[in-house]
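Input: a single structure, listed below in structure tokens.
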There are 2 protein chains.
Amino acid sequence: MTAVNESTSPPTRRQQIIQVAAELFAERGFHGVSIYDLGAAMGTSGPALYKHFASKDALLGAMLVDISETLLAEGTARARAARSDGPDAELAALIAWHVEFALTRPALITVQFRDLASAAEADRRSVRRLQRRYVELWVAAITAAVGTDEPHARSAAHAVFGLINSTPHSARLDGDDMAGLLRRMAVAALHAAG
Amino acid sequence: MTAVNESTSPPTRRQQIIQVAAELFAERGFHGVSIYDLGAAMGTSGPALYKHFASKDALLGAMLVDISETLLAEGTARARAARSDGPDAELAALIAWHVEFALTRPALITVQFRDLASAAEADRRSVRRLQRRYVELWVAAITAAVGTDEPHARSAAHAVFGLINSTPHSARLDGDDMAGLLRRMAVAALHAAG
DNA sequence: GACCTAGGTTAGCGCTCGATAACCACGCGT
DNA sequence: ACGCGTGGTTATCGAGCGCTAACCTAGGTC
């Protein structure tokens, strides 16, 4: 529901918990992190979590939905802003946004495609609906810029997500260098999908 | 220790268990699958597992090591076979092999980069050692074919793994079409890494 | 035909986890 | 001055898990 940056408001406790939990989940997986681990990492202990989330599953759900909403909302905004500069610029904007997100929030990226299966059915459906819209944004940009048919554009989009999302596993170059590398590889890969 | 295809011998029970477990782990994650789930999927019940593996962790370890050994062994063989045809052919052979593996064994690919964190320390070390050798194989081929420096080649290799490994998450085209798409995208992405 | 071994069975132990209950302290509006 | 909501605490419960123990075959060997 709430976006990651609620404009100027200081981060609420829920958001703090989500951030800390994301790091732990990324390291050890959702089922590998206990409520007590979470409390310890927060400086509180154990069941304090339940003052902010109805369950451990609800925490995961909120985290995953937040990520998907951020990706979609910012992606939509940036694509629209670049649209007047042509299809290539729009695609470049999407790529730049996804690369930026993956490099600055590796934990979120990791959790998103690692622990989605652990989420409750309802949350999983919400996330997939948002993800589908995000993919459609890419598919539109790819077909416009490269001229592929839709099915290939869809598979190519997923492949490029995999390419960009690989950063958490890779011994990193420094940030800007890595961002440039990923952007160039993504553009080239997509142009080869035609 | 034993490769996936022990030539002509029928699959031993251990290998059957590993295959069945891989499917379940890929769906629900290592911690999301209980010993009893495993037994049920095997047609036996529960603790029968311990006649074949010392622990649930040992099963995961054997699975992960098997995957890494297969990738490295076959990758080494194919790269050597193609080497006489030049650097581009060697790189193409590596790409073709990885694509083939990812398309025919999606569950193994998923577990490999999802549940490695759940493995015991010793197994994790073994797997990482094998993975590192596999990456070095790619780095050598990439630097020879494209002319990048080593750090960029290493990051590019990881990115291409992510690209190819994304197939389990993608609504699939038919096999050959998907394989071709991935190969083209991988080649283009690597040539853009220079 | 006795015997071992490979591969199963069920019962149950001990521990960890998620979740709840009951209680407590501070800050703030009236 | 007081009441109450907010966000914490500890104790505890119940379930599910990994794993072990003890026992039971069938098949092959001498």
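For the structure tokens, the naming scheme is as follows: chains receive sequential letters (A, B, ...) according to their order of presentation, residues are indexed from 1 within each chain, and ligands are indexed from 1 in presentation order.
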
Distance query stretch 14-22 of chain D at most 12 Å, only C-alpha atoms (C1' of nucleotides), self and fewer than 4 positions along chain excluded, as a VMD selection string: (chain B and resid 31 to 37 46 to 50 53 to 57) or (chain C and resid 9 to 20)

Test item: residues at most 7 Å from stretch 120-134 of chain B, only C-alpha atoms (C1' of nucleotides), excluding those fewer than 5 positions along its chain, as a PyMOL selection string: chain B and resi 57+61+64-65+68-69+72

Interatomic distance (Å, one decimal) between atom CA of B:Asp88 and atom CA of B:Ala157: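 Between these atoms lies a distance of 14.8 Å.
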
Chain B residues near chain A (9 Å cut-off, only C-alpha atoms) as a PyMOL selection string: chain B and resi 27-32+113-115+117-118+151-152+154-167+169-173+178+181-182+184-194

Which of stretch 108-161 of chain B DSSP labels alpha helix (DSSP H), written as a ChimeraX atom specification: /B:108-114,121-146,150-161

Chain C residues near chain B (10 Å cut-off, only C-alpha atoms (C1' of nucleotides)) as an MDAnalysis selection string: chainID C and resid 6:9

Test item: chain D residues at most 12 Å from chain A, counting only C-alpha atoms (C1' of nucleotides), as a PyMOL selection string: chain D and resi 6-11

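You will find atom CA of B:Gly75 at 16.4 Å from atom CA of B:Gln112.
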
Interatomic distance, atom CA of A:Leu24 to atom CA of A:Gly39 (Å, one decimal): 11.3 Å

Residue among A:Ser84, A:Thr148, A:Thr143, A:Thr104 lying closest to A:Ala179, counting only C-alpha atoms: A:Thr104

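Using only C-alpha atoms, the nearest neighbour of A:Glu23 within the list A:Leu38, A:Ala96, A:Trp138, A:Ala62 is A:Leu38.
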